[in-house]
Amino acid sequence: MEIVILPDAQAVGRAAAARIAAVVRAKPDAVLGLSTGSSPLGAYAALRERVDSGALDLSRASGFALDEYVGLPAGSEQSYAATIAAEVTGPLRMDPARVRVPDGGAHDLEAACADYERAIRDAGGVDVQLLGIGANGHIGFNEPTSSIASRTRIKTLSERTREDNARFFDGDLEAVPLHCITQGLGTILEARRLVLVAQGEAKAAAVAAAVEGPLTAMVPGSVLQLHPAATVLVDEAAAADLRLADYYRWTVANQPSWQRVD
Ligand code: F6R
């Protein structure tokens, strides 16, 4: 696993964007795995700068969001579909027809999950998956004890996650849905490359458990340890609990030039 400790959240966003841009440079019709929440916003802002300056063209790329709430009113601004439209499709000039979000309003949710898995497979799989991590170690909405082999399915959100996400619902915990559709850990692990971003001290324990703790369903983010091409980009605050921080800094300082991404 590549672990990079960066001075601040902005640098994390720029580094994530550089990795995604490198994938798209090599494959202009790349399939991007898209995360929502606050963690990826810096990456999307940095990608936007590249798109606006003409250095990056995402018009042929396609995308799949990681997750979506179940049961929000159609068109709700808290839905991840709305977030993806506002933060990704529009500003990054991606073709909305090529960007999918799980259908949390589907009449048959199980069929919607199976359909989503099929769509990812039919697109040729995800080339680079951007991830955040929850304070309880979740990735996507795979809460602790999610099966490491899980596929896209319906999950019940934990109280911790609902409390953390109430800030997107004007602080109203009751308004946060109880259920969601999320890509499974098995689905996420099939992406060719994973890029996890984390900022702030609230994420420090989860980052350390995922990177340096045992591989366990209790810390879903620890499945990154199974992936052959996983990068973790953290700011100083999110790196605070890493025991081998000095080694990660040493590794980056001595990185061979052919390994650098910018
Ligand atoms: C969102 C997602 C979640 C978030 C996580 C962190 O698509 O997959 O795993 O990445 O809940 O949320 P933030 O970034 O808001 O702290």
# chains A, B, ... in the order shown; residues from 1 in each chain; ligands from 1
>>> residues_around(residues="segment 123-134 of chain A", least_positions_apart="3", cutoff="7 Å", atoms="only C-alpha atoms", output="list in words")
Ile20, Ala30, Val31, Leu32, Gly33, Leu34, Ser35, Ser39, Pro40, Ala119, Ile120, Gly137, His138, Ile139, Ala191, Arg192, Arg193, Leu194, Val195, Leu196, Val197, Ala198 and Gly221 of chain A
>>> write_last_selection(atoms="N, CA and C atoms", output="PDB file, in the first residue's frame")
ATOM      1  N   ILE A  20      -5.892  10.438 -10.405  1.00  0.00           N
ATOM      2  CA  ILE A  20      -7.032  10.174 -11.301  1.00  0.00           C
ATOM      3  C   ILE A  20      -6.703  10.670 -12.711  1.00  0.00           C
ATOM      4  N   ALA A  30     -11.718   6.082 -19.415  1.00  0.00           N
ATOM      5  CA  ALA A  30     -11.615   5.376 -18.126  1.00  0.00           C
ATOM      6  C   ALA A  30     -12.949   5.392 -17.377  1.00  0.00           C
ATOM      7  N   VAL A  31     -13.114   4.386 -16.538  1.00  0.00           N
ATOM      8  CA  VAL A  31     -14.292   4.311 -15.667  1.00  0.00           C
ATOM      9  C   VAL A  31     -13.861   4.752 -14.265  1.00  0.00           C
ATOM     10  N   LEU A  32     -14.477   5.831 -13.786  1.00  0.00           N
ATOM     11  CA  LEU A  32     -14.102   6.388 -12.480  1.00  0.00           C
ATOM     12  C   LEU A  32     -15.080   5.936 -11.411  1.00  0.00           C
ATOM     13  N   GLY A  33     -14.572   5.534 -10.261  1.00  0.00           N
ATOM     14  CA  GLY A  33     -15.414   5.223  -9.112  1.00  0.00           C
ATOM     15  C   GLY A  33     -15.513   6.473  -8.263  1.00  0.00           C
ATOM     16  N   LEU A  34     -16.738   6.946  -8.024  1.00  0.00           N
ATOM     17  CA  LEU A  34     -16.937   8.263  -7.426  1.00  0.00           C
ATOM     18  C   LEU A  34     -17.463   8.159  -6.008  1.00  0.00           C
ATOM     19  N   SER A  35     -16.829   8.900  -5.126  1.00  0.00           N
ATOM     20  CA  SER A  35     -17.238   8.943  -3.736  1.00  0.00           C
ATOM     21  C   SER A  35     -17.972  10.260  -3.496  1.00  0.00           C
ATOM     22  N   SER A  39     -15.064  14.300   2.083  1.00  0.00           N
ATOM     23  CA  SER A  39     -13.661  13.939   1.824  1.00  0.00           C
ATOM     24  C   SER A  39     -13.189  14.170   0.386  1.00  0.00           C
ATOM     25  N   PRO A  40     -13.983  13.829  -0.641  1.00  0.00           N
ATOM     26  CA  PRO A  40     -13.462  13.950  -2.008  1.00  0.00           C
ATOM     27  C   PRO A  40     -13.582  15.349  -2.611  1.00  0.00           C
ATOM     28  N   ALA A 119     -24.046  -3.317 -14.522  1.00  0.00           N
ATOM     29  CA  ALA A 119     -23.621  -2.126 -15.275  1.00  0.00           C
ATOM     30  C   ALA A 119     -22.116  -1.882 -15.105  1.00  0.00           C
ATOM     31  N   ILE A 120     -21.611  -2.091 -13.894  1.00  0.00           N
ATOM     32  CA  ILE A 120     -20.164  -1.898 -13.665  1.00  0.00           C
ATOM     33  C   ILE A 120     -19.388  -2.922 -14.495  1.00  0.00           C
ATOM     34  N   GLY A 137     -14.647   3.515  10.308  1.00  0.00           N
ATOM     35  CA  GLY A 137     -13.873   2.651   9.414  1.00  0.00           C
ATOM     36  C   GLY A 137     -14.607   2.206   8.164  1.00  0.00           C
ATOM     37  N   HIS A 138     -15.859   2.678   7.974  1.00  0.00           N
ATOM     38  CA  HIS A 138     -16.576   2.215   6.777  1.00  0.00           C
ATOM     39  C   HIS A 138     -15.988   2.817   5.503  1.00  0.00           C
ATOM     40  N   ILE A 139     -16.102   2.079   4.406  1.00  0.00           N
ATOM     41  CA  ILE A 139     -15.847   2.638   3.064  1.00  0.00           C
ATOM     42  C   ILE A 139     -17.080   2.327   2.231  1.00  0.00           C
ATOM     43  N   ALA A 191     -11.981  -2.864  -8.366  1.00  0.00           N
ATOM     44  CA  ALA A 191     -11.461  -1.691  -9.093  1.00  0.00           C
ATOM     45  C   ALA A 191      -9.954  -1.882  -9.301  1.00  0.00           C
ATOM     46  N   ARG A 192      -9.449  -1.388 -10.417  1.00  0.00           N
ATOM     47  CA  ARG A 192      -8.025  -1.644 -10.716  1.00  0.00           C
ATOM     48  C   ARG A 192      -7.082  -0.864  -9.808  1.00  0.00           C
ATOM     49  N   ARG A 193      -7.580   0.250  -9.327  1.00  0.00           N
ATOM     50  CA  ARG A 193      -6.751   1.110  -8.480  1.00  0.00           C
ATOM     51  C   ARG A 193      -7.659   1.763  -7.440  1.00  0.00           C
ATOM     52  N   LEU A 194      -7.199   1.858  -6.213  1.00  0.00           N
ATOM     53  CA  LEU A 194      -7.988   2.516  -5.155  1.00  0.00           C
ATOM     54  C   LEU A 194      -7.223   3.738  -4.649  1.00  0.00           C
ATOM     55  N   VAL A 195      -7.919   4.835  -4.467  1.00  0.00           N
ATOM     56  CA  VAL A 195      -7.307   6.037  -3.884  1.00  0.00           C
ATOM     57  C   VAL A 195      -8.201   6.489  -2.730  1.00  0.00           C
ATOM     58  N   LEU A 196      -7.715   6.319  -1.509  1.00  0.00           N
ATOM     59  CA  LEU A 196      -8.501   6.727  -0.341  1.00  0.00           C
ATOM     60  C   LEU A 196      -7.954   8.053   0.180  1.00  0.00           C
ATOM     61  N   VAL A 197      -8.858   8.995   0.413  1.00  0.00           N
ATOM     62  CA  VAL A 197      -8.445  10.295   0.960  1.00  0.00           C
ATOM     63  C   VAL A 197      -9.070  10.483   2.339  1.00  0.00           C
ATOM     64  N   ALA A 198      -8.296  11.050   3.269  1.00  0.00           N
ATOM     65  CA  ALA A 198      -8.844  11.337   4.602  1.00  0.00           C
ATOM     66  C   ALA A 198      -8.183  12.596   5.138  1.00  0.00           C
ATOM     67  N   GLY A 221     -12.469  -0.529   6.015  1.00  0.00           N
ATOM     68  CA  GLY A 221     -11.364   0.074   5.258  1.00  0.00           C
ATOM     69  C   GLY A 221     -10.105  -0.779   5.258  1.00  0.00           C
TER      70      GLY A 221
END
>>> residues_around(residues="Arg48 of chain A", least_positions_apart="4", cutoff="7 Å", atoms="only C-alpha atoms", output="ChimeraX atom specification")
/A:44,52,91-92
>>> atom_distance(atom1="atom CA of Ala114 of chain A", atom2="atom CA of Val101 of chain A")
13.1 Å
>>> select_by_dssp(residues="segment 9-104 of chain A", states="alpha helix (DSSP H)", output="JSON, numbers by chain")
{"A": [9, 10, 11, 12, 13, 14, 15, 16, 17, 18, 19, 20, 21, 22, 23, 24, 25, 26, 41, 42, 43, 44, 45, 46, 47, 48, 49, 50, 51, 52, 80, 81, 82, 83, 84]}
>>> write_last_selection(atoms="C-alpha atoms", output="PDB file, in the first residue's frame")
ATOM      1  CA  ALA A   9      -6.399  18.910   2.987  1.00  0.00           C
ATOM      2  CA  GLN A  10      -5.739  20.918  -0.180  1.00  0.00           C
ATOM      3  CA  ALA A  11      -2.600  18.934  -0.897  1.00  0.00           C
ATOM      4  CA  VAL A  12      -4.567  15.718  -0.373  1.00  0.00           C
ATOM      5  CA  GLY A  13      -7.096  16.866  -2.985  1.00  0.00           C
ATOM      6  CA  ARG A  14      -4.372  17.800  -5.463  1.00  0.00           C
ATOM      7  CA  ALA A  15      -2.586  14.472  -5.016  1.00  0.00           C
ATOM      8  CA  ALA A  16      -5.812  12.507  -5.534  1.00  0.00           C
ATOM      9  CA  ALA A  17      -6.610  14.522  -8.655  1.00  0.00           C
ATOM     10  CA  ALA A  18      -3.113  13.858 -10.013  1.00  0.00           C
ATOM     11  CA  ARG A  19      -3.626  10.114  -9.637  1.00  0.00           C
ATOM     12  CA  ILE A  20      -7.032  10.174 -11.301  1.00  0.00           C
ATOM     13  CA  ALA A  21      -5.736  12.414 -14.111  1.00  0.00           C
ATOM     14  CA  ALA A  22      -2.870   9.981 -14.742  1.00  0.00           C
ATOM     15  CA  VAL A  23      -5.360   7.148 -15.230  1.00  0.00           C
ATOM     16  CA  VAL A  24      -7.459   9.228 -17.638  1.00  0.00           C
ATOM     17  CA  ARG A  25      -4.369  10.350 -19.555  1.00  0.00           C
ATOM     18  CA  ALA A  26      -3.520   6.718 -20.225  1.00  0.00           C
ATOM     19  CA  LEU A  41     -14.436  17.601  -2.492  1.00  0.00           C
ATOM     20  CA  GLY A  42     -10.821  18.781  -2.632  1.00  0.00           C
ATOM     21  CA  ALA A  43     -10.065  16.157  -5.263  1.00  0.00           C
ATOM     22  CA  TYR A  44     -13.045  17.261  -7.350  1.00  0.00           C
ATOM     23  CA  ALA A  45     -11.990  20.914  -7.016  1.00  0.00           C
ATOM     24  CA  ALA A  46      -8.468  20.052  -8.165  1.00  0.00           C
ATOM     25  CA  LEU A  47      -9.821  17.993 -11.064  1.00  0.00           C
ATOM     26  CA  ARG A  48     -12.002  20.937 -12.030  1.00  0.00           C
ATOM     27  CA  GLU A  49      -8.950  23.189 -12.225  1.00  0.00           C
ATOM     28  CA  ARG A  50      -7.343  20.717 -14.615  1.00  0.00           C
ATOM     29  CA  VAL A  51     -10.522  20.494 -16.719  1.00  0.00           C
ATOM     30  CA  ASP A  52     -10.966  24.289 -16.806  1.00  0.00           C
ATOM     31  CA  TYR A  80     -25.912  11.401  -3.656  1.00  0.00           C
ATOM     32  CA  ALA A  81     -27.329  11.659  -7.181  1.00  0.00           C
ATOM     33  CA  ALA A  82     -27.744  15.400  -6.576  1.00  0.00           C
ATOM     34  CA  THR A  83     -24.249  15.638  -5.067  1.00  0.00           C
ATOM     35  CA  ILE A  84     -22.703  13.852  -8.027  1.00  0.00           C
TER      36      ILE A  84
END
>>> closest_residue(among="A:Ala65, A:Ile5, A:Leu173, A:Cys180", to="ligand 1", atoms="only C-alpha atoms and all ligand atoms")
A:Ala65
>>> atom_distance(atom1="atom CA of Pro144 of chain A", atom2="atom CA of Ala85 of chain A")
28.7 Å
>>> closest_residue(among="A:Ala245, A:Ala209, A:Ala238, A:Ala74", to="ligand 1", atoms="only C-alpha atoms and all ligand atoms")
A:Ala238
>>> residues_around(residues="Tyr69 of chain A", least_positions_apart="2", cutoff="9 Å", atoms="only C-alpha atoms", output="CSV table (one decimal) with all heavy atoms, in the first residue's frame")
chain,number,residue,atom,x,y,z
A,67,ASP,N,-22.4,4.8,-3.6
A,67,ASP,CA,-23.6,4.6,-2.7
A,67,ASP,C,-24.7,5.6,-2.9
A,67,ASP,O,-24.5,6.6,-3.5
A,67,ASP,CB,-23.1,4.4,-1.2
A,67,ASP,CG,-22.1,5.5,-0.9
A,67,ASP,OD1,-22.0,6.5,-1.5
A,67,ASP,OD2,-21.3,5.2,0.1
A,71,GLY,N,-34.9,5.9,0.0
A,71,GLY,CA,-36.1,6.5,0.6
A,71,GLY,C,-36.1,8.0,0.6
A,71,GLY,O,-37.1,8.6,1.2
A,72,LEU,N,-35.2,8.7,0.1
A,72,LEU,CA,-35.3,10.2,0.0
A,72,LEU,C,-36.3,10.6,-1.0
A,72,LEU,O,-36.4,9.9,-2.0
A,72,LEU,CB,-33.9,10.8,-0.3
A,72,LEU,CG,-32.8,10.8,0.8
A,72,LEU,CD1,-31.5,11.4,0.3
A,72,LEU,CD2,-33.3,11.6,2.0
A,78,GLN,N,-30.1,16.3,-0.8
A,78,GLN,CA,-29.2,15.5,0.0
A,78,GLN,C,-28.9,14.1,-0.6
A,78,GLN,O,-28.0,13.4,-0.1
A,78,GLN,CB,-29.8,15.2,1.4
A,78,GLN,CG,-29.7,16.4,2.4
A,78,GLN,CD,-31.0,17.2,2.3
A,78,GLN,OE1,-31.9,16.9,1.6
A,78,GLN,NE2,-31.0,18.3,3.0
A,79,SER,N,-29.6,13.8,-1.7
A,79,SER,CA,-29.3,12.5,-2.4
A,79,SER,C,-27.9,12.6,-3.0
A,79,SER,O,-27.4,13.7,-3.3
A,79,SER,CB,-30.3,12.2,-3.5
A,79,SER,OG,-30.0,13.1,-4.6
A,80,TYR,N,-27.2,11.4,-3.1
A,80,TYR,CA,-25.9,11.4,-3.7
A,80,TYR,C,-26.0,11.6,-5.2
A,80,TYR,O,-25.0,12.1,-5.8
A,80,TYR,CB,-25.2,10.1,-3.3
A,80,TYR,CG,-24.7,10.1,-1.9
A,80,TYR,CD1,-24.2,9.0,-1.3
A,80,TYR,CD2,-24.6,11.3,-1.1
A,80,TYR,CE1,-23.7,9.0,0.0
A,80,TYR,CE2,-24.1,11.3,0.2
A,80,TYR,CZ,-23.6,10.2,0.7
A,80,TYR,OH,-23.1,10.2,2.0
A,102,PRO,N,-26.4,4.5,-7.7
A,102,PRO,CA,-27.4,3.5,-7.4
A,102,PRO,C,-28.8,4.1,-7.2
A,102,PRO,O,-28.9,5.2,-6.7
A,102,PRO,CB,-26.9,2.9,-6.1
A,102,PRO,CG,-25.5,3.2,-6.0
A,102,PRO,CD,-25.3,4.5,-6.7
A,103,ASP,N,-29.8,3.4,-7.6
A,103,ASP,CA,-31.2,3.9,-7.6
A,103,ASP,C,-31.9,3.6,-6.2
A,103,ASP,O,-32.5,2.6,-6.0
A,103,ASP,CB,-32.0,3.3,-8.7
A,103,ASP,CG,-33.4,3.9,-8.8
A,103,ASP,OD1,-33.7,4.8,-8.0
A,103,ASP,OD2,-34.2,3.5,-9.7
A,104,GLY,N,-31.7,4.6,-5.3
A,104,GLY,CA,-32.3,4.4,-4.0
A,104,GLY,C,-33.8,4.6,-3.9
A,104,GLY,O,-34.4,4.4,-2.9
A,105,GLY,N,-34.4,5.0,-5.0
A,105,GLY,CA,-35.8,5.1,-5.1
A,105,GLY,C,-36.5,4.0,-5.9
A,105,GLY,O,-37.7,4.1,-6.1
A,176,VAL,N,-32.1,11.8,8.4
A,176,VAL,CA,-31.1,10.9,7.7
A,176,VAL,C,-31.7,9.5,7.5
A,176,VAL,O,-32.1,8.9,8.5
A,176,VAL,CB,-29.8,10.8,8.6
A,176,VAL,CG1,-28.8,10.0,7.8
A,176,VAL,CG2,-29.3,12.2,9.0
A,177,PRO,N,-31.7,9.1,6.3
A,177,PRO,CA,-32.3,7.8,6.0
A,177,PRO,C,-31.7,6.7,6.9
A,177,PRO,O,-30.5,6.8,7.3
A,177,PRO,CB,-32.1,7.5,4.5
A,177,PRO,CG,-31.9,8.9,4.0
A,177,PRO,CD,-31.3,9.7,5.0
A,178,LEU,N,-32.4,5.6,7.1
A,178,LEU,CA,-31.9,4.4,7.8
A,178,LEU,C,-31.1,3.5,6.9
A,178,LEU,O,-30.3,2.7,7.4
A,178,LEU,CB,-33.0,3.7,8.5
A,178,LEU,CG,-33.7,4.4,9.7
A,178,LEU,CD1,-35.0,3.7,10.1
A,178,LEU,CD2,-32.7,4.3,10.9
A,179,HIS,N,-31.5,3.5,5.6
A,179,HIS,CA,-31.0,2.5,4.7
A,179,HIS,C,-30.3,3.2,3.5
A,179,HIS,O,-30.5,4.3,3.2
A,179,HIS,CB,-32.1,1.6,4.2
A,179,HIS,CG,-32.8,0.9,5.4
A,179,HIS,ND1,-34.0,1.2,5.9
A,179,HIS,CD2,-32.3,-0.2,6.1
A,179,HIS,CE1,-34.3,0.4,6.9
A,179,HIS,NE2,-33.2,-0.4,7.1
A,180,CYS,N,-29.5,2.4,2.9
A,180,CYS,CA,-28.8,2.8,1.7
A,180,CYS,C,-28.5,1.7,0.8
A,180,CYS,O,-28.7,0.5,1.2
A,180,CYS,CB,-27.4,3.4,2.1
A,180,CYS,SG,-26.4,2.2,2.9
A,181,ILE,N,-28.1,2.0,-0.4
A,181,ILE,CA,-27.5,1.0,-1.3
A,181,ILE,C,-26.0,1.3,-1.4
A,181,ILE,O,-25.7,2.5,-1.6
A,181,ILE,CB,-28.1,1.1,-2.7
A,181,ILE,CG1,-29.6,0.7,-2.7
A,181,ILE,CG2,-27.4,0.2,-3.7
A,181,ILE,CD1,-30.3,0.7,-4.1
A,182,THR,N,-25.2,0.3,-1.3
A,182,THR,CA,-23.8,0.6,-1.4
A,182,THR,C,-23.1,-0.5,-2.2
A,182,THR,O,-23.5,-1.7,-2.2
A,182,THR,CB,-23.1,0.7,0.0
A,182,THR,OG1,-21.7,1.0,-0.2
A,182,THR,CG2,-23.2,-0.6,0.8
>>> closest_residue(among="A:Leu189, A:Leu56, A:Ile148, A:Ala112", to="Met218 of chain A", atoms="only C-alpha atoms")
A:Ile148
>>> closest_residue(among="A:Ile154, A:Ala111, A:Ala55, A:Ala166", to="ligand 1", atoms="only C-alpha atoms and all ligand atoms")
A:Ala166
>>> closest_residue(among="A:Phe169, A:Phe64, A:Phe141, A:Tyr116", to="ligand 1", atoms="only C-alpha atoms and all ligand atoms")
A:Phe141
>>> atom_distance(atom1="atom CA of Gln183 of chain A", atom2="atom 7 (O, counted along the ligand's line) of ligand 1")
9.7 Å
>>> closest_residue(among="A:Leu6, A:Ala202, A:Ala149, A:Val261", to="ligand 1", atoms="only C-alpha atoms and all ligand atoms")
A:Ala202
>>> select_by_dssp(residues="segment 21-237 of chain A", states="strand (DSSP E or B)", output="PyMOL selection string")
chain A and resi 31-34+62-65+67-69+99-100+128-131+139+142+153-156+179-182+194-198+230-235
>>> decode(residues="segment 123-154 of chain A", atoms="N, CA and C atoms", output="PDB file, in the first residue's frame")
ATOM      1  N   ALA A 123     -19.406  -2.145 -18.166  1.00  0.00           N
ATOM      2  CA  ALA A 123     -18.540  -0.991 -18.498  1.00  0.00           C
ATOM      3  C   ALA A 123     -17.065  -1.399 -18.502  1.00  0.00           C
ATOM      4  N   GLY A 124     -16.798  -2.632 -18.113  1.00  0.00           N
ATOM      5  CA  GLY A 124     -15.409  -3.108 -18.104  1.00  0.00           C
ATOM      6  C   GLY A 124     -14.736  -2.970 -16.752  1.00  0.00           C
ATOM      7  N   GLY A 125     -15.507  -2.623 -15.719  1.00  0.00           N
ATOM      8  CA  GLY A 125     -14.939  -2.486 -14.373  1.00  0.00           C
ATOM      9  C   GLY A 125     -14.411  -1.077 -14.135  1.00  0.00           C
ATOM     10  N   VAL A 126     -14.197  -0.772 -12.875  1.00  0.00           N
ATOM     11  CA  VAL A 126     -13.749   0.574 -12.481  1.00  0.00           C
ATOM     12  C   VAL A 126     -12.222   0.655 -12.593  1.00  0.00           C
ATOM     13  N   ASP A 127     -11.737   1.691 -13.250  1.00  0.00           N
ATOM     14  CA  ASP A 127     -10.279   1.854 -13.398  1.00  0.00           C
ATOM     15  C   ASP A 127      -9.648   2.476 -12.167  1.00  0.00           C
ATOM     16  N   VAL A 128     -10.316   3.485 -11.618  1.00  0.00           N
ATOM     17  CA  VAL A 128      -9.755   4.097 -10.399  1.00  0.00           C
ATOM     18  C   VAL A 128     -10.922   4.483  -9.497  1.00  0.00           C
ATOM     19  N   GLN A 129     -10.866   3.993  -8.268  1.00  0.00           N
ATOM     20  CA  GLN A 129     -11.948   4.235  -7.306  1.00  0.00           C
ATOM     21  C   GLN A 129     -11.481   5.214  -6.243  1.00  0.00           C
ATOM     22  N   LEU A 130     -12.154   6.354  -6.175  1.00  0.00           N
ATOM     23  CA  LEU A 130     -11.884   7.333  -5.118  1.00  0.00           C
ATOM     24  C   LEU A 130     -12.724   6.956  -3.896  1.00  0.00           C
ATOM     25  N   LEU A 131     -12.100   6.955  -2.720  1.00  0.00           N
ATOM     26  CA  LEU A 131     -12.788   6.551  -1.490  1.00  0.00           C
ATOM     27  C   LEU A 131     -12.555   7.565  -0.375  1.00  0.00           C
ATOM     28  N   GLY A 132     -13.555   7.714   0.484  1.00  0.00           N
ATOM     29  CA  GLY A 132     -13.352   8.362   1.778  1.00  0.00           C
ATOM     30  C   GLY A 132     -13.443   7.264   2.820  1.00  0.00           C
ATOM     31  N   ILE A 133     -13.329   7.628   4.076  1.00  0.00           N
ATOM     32  CA  ILE A 133     -13.485   6.622   5.137  1.00  0.00           C
ATOM     33  C   ILE A 133     -14.312   7.235   6.265  1.00  0.00           C
ATOM     34  N   GLY A 134     -15.230   6.468   6.802  1.00  0.00           N
ATOM     35  CA  GLY A 134     -16.031   6.946   7.920  1.00  0.00           C
ATOM     36  C   GLY A 134     -15.228   6.862   9.210  1.00  0.00           C
ATOM     37  N   ALA A 135     -15.657   7.599  10.233  1.00  0.00           N
ATOM     38  CA  ALA A 135     -14.951   7.570  11.520  1.00  0.00           C
ATOM     39  C   ALA A 135     -15.000   6.170  12.127  1.00  0.00           C
ATOM     40  N   ASN A 136     -15.978   5.360  11.729  1.00  0.00           N
ATOM     41  CA  ASN A 136     -16.042   3.980  12.242  1.00  0.00           C
ATOM     42  C   ASN A 136     -15.361   2.995  11.289  1.00  0.00           C
ATOM     43  N   GLY A 137     -14.647   3.515  10.308  1.00  0.00           N
ATOM     44  CA  GLY A 137     -13.873   2.651   9.414  1.00  0.00           C
ATOM     45  C   GLY A 137     -14.607   2.206   8.164  1.00  0.00           C
ATOM     46  N   HIS A 138     -15.859   2.678   7.974  1.00  0.00           N
ATOM     47  CA  HIS A 138     -16.576   2.215   6.777  1.00  0.00           C
ATOM     48  C   HIS A 138     -15.988   2.817   5.503  1.00  0.00           C
ATOM     49  N   ILE A 139     -16.102   2.079   4.406  1.00  0.00           N
ATOM     50  CA  ILE A 139     -15.847   2.638   3.064  1.00  0.00           C
ATOM     51  C   ILE A 139     -17.080   2.327   2.231  1.00  0.00           C
ATOM     52  N   GLY A 140     -17.413   3.228   1.275  1.00  0.00           N
ATOM     53  CA  GLY A 140     -18.768   3.172   0.746  1.00  0.00           C
ATOM     54  C   GLY A 140     -19.651   3.282   1.984  1.00  0.00           C
ATOM     55  N   PHE A 141     -20.789   2.598   1.974  1.00  0.00           N
ATOM     56  CA  PHE A 141     -21.570   2.521   3.216  1.00  0.00           C
ATOM     57  C   PHE A 141     -21.486   1.115   3.781  1.00  0.00           C
ATOM     58  N   ASN A 142     -20.336   0.491   3.632  1.00  0.00           N
ATOM     59  CA  ASN A 142     -20.106  -0.823   4.217  1.00  0.00           C
ATOM     60  C   ASN A 142     -19.722  -0.615   5.670  1.00  0.00           C
ATOM     61  N   GLU A 143     -20.713  -0.779   6.509  1.00  0.00           N
ATOM     62  CA  GLU A 143     -20.505  -0.548   7.938  1.00  0.00           C
ATOM     63  C   GLU A 143     -19.730  -1.724   8.551  1.00  0.00           C
ATOM     64  N   PRO A 144     -19.158  -1.520   9.747  1.00  0.00           N
ATOM     65  CA  PRO A 144     -18.431  -2.609  10.405  1.00  0.00           C
ATOM     66  C   PRO A 144     -19.250  -3.896  10.429  1.00  0.00           C
ATOM     67  N   THR A 145     -18.568  -4.993  10.188  1.00  0.00           N
ATOM     68  CA  THR A 145     -19.075  -6.378  10.053  1.00  0.00           C
ATOM     69  C   THR A 145     -19.604  -6.669   8.655  1.00  0.00           C
ATOM     70  N   SER A 146     -19.478  -5.710   7.715  1.00  0.00           N
ATOM     71  CA  SER A 146     -19.825  -6.025   6.317  1.00  0.00           C
ATOM     72  C   SER A 146     -18.926  -7.145   5.826  1.00  0.00           C
ATOM     73  N   SER A 147     -19.493  -8.032   5.036  1.00  0.00           N
ATOM     74  CA  SER A 147     -18.688  -9.122   4.475  1.00  0.00           C
ATOM     75  C   SER A 147     -17.618  -8.563   3.536  1.00  0.00           C
ATOM     76  N   ILE A 148     -16.440  -9.111   3.665  1.00  0.00           N
ATOM     77  CA  ILE A 148     -15.348  -8.687   2.787  1.00  0.00           C
ATOM     78  C   ILE A 148     -15.638  -9.101   1.335  1.00  0.00           C
ATOM     79  N   ALA A 149     -16.533 -10.076   1.158  1.00  0.00           N
ATOM     80  CA  ALA A 149     -16.890 -10.527  -0.194  1.00  0.00           C
ATOM     81  C   ALA A 149     -18.153  -9.841  -0.709  1.00  0.00           C
ATOM     82  N   SER A 150     -18.695  -8.871   0.040  1.00  0.00           N
ATOM     83  CA  SER A 150     -20.013  -8.332  -0.299  1.00  0.00           C
ATOM     84  C   SER A 150     -20.051  -7.634  -1.652  1.00  0.00           C
ATOM     85  N   ARG A 151     -21.252  -7.681  -2.245  1.00  0.00           N
ATOM     86  CA  ARG A 151     -21.512  -6.988  -3.520  1.00  0.00           C
ATOM     87  C   ARG A 151     -22.507  -5.848  -3.253  1.00  0.00           C
ATOM     88  N   THR A 152     -22.864  -5.132  -4.301  1.00  0.00           N
ATOM     89  CA  THR A 152     -23.820  -4.027  -4.146  1.00  0.00           C
ATOM     90  C   THR A 152     -25.115  -4.549  -3.528  1.00  0.00           C
ATOM     91  N   ARG A 153     -25.533  -3.890  -2.444  1.00  0.00           N
ATOM     92  CA  ARG A 153     -26.701  -4.389  -1.709  1.00  0.00           C
ATOM     93  C   ARG A 153     -27.266  -3.296  -0.810  1.00  0.00           C
ATOM     94  N   ILE A 154     -28.361  -3.655  -0.141  1.00  0.00           N
ATOM     95  CA  ILE A 154     -28.992  -2.710   0.785  1.00  0.00           C
ATOM     96  C   ILE A 154     -28.329  -2.878   2.153  1.00  0.00           C
TER      97      ILE A 154
END
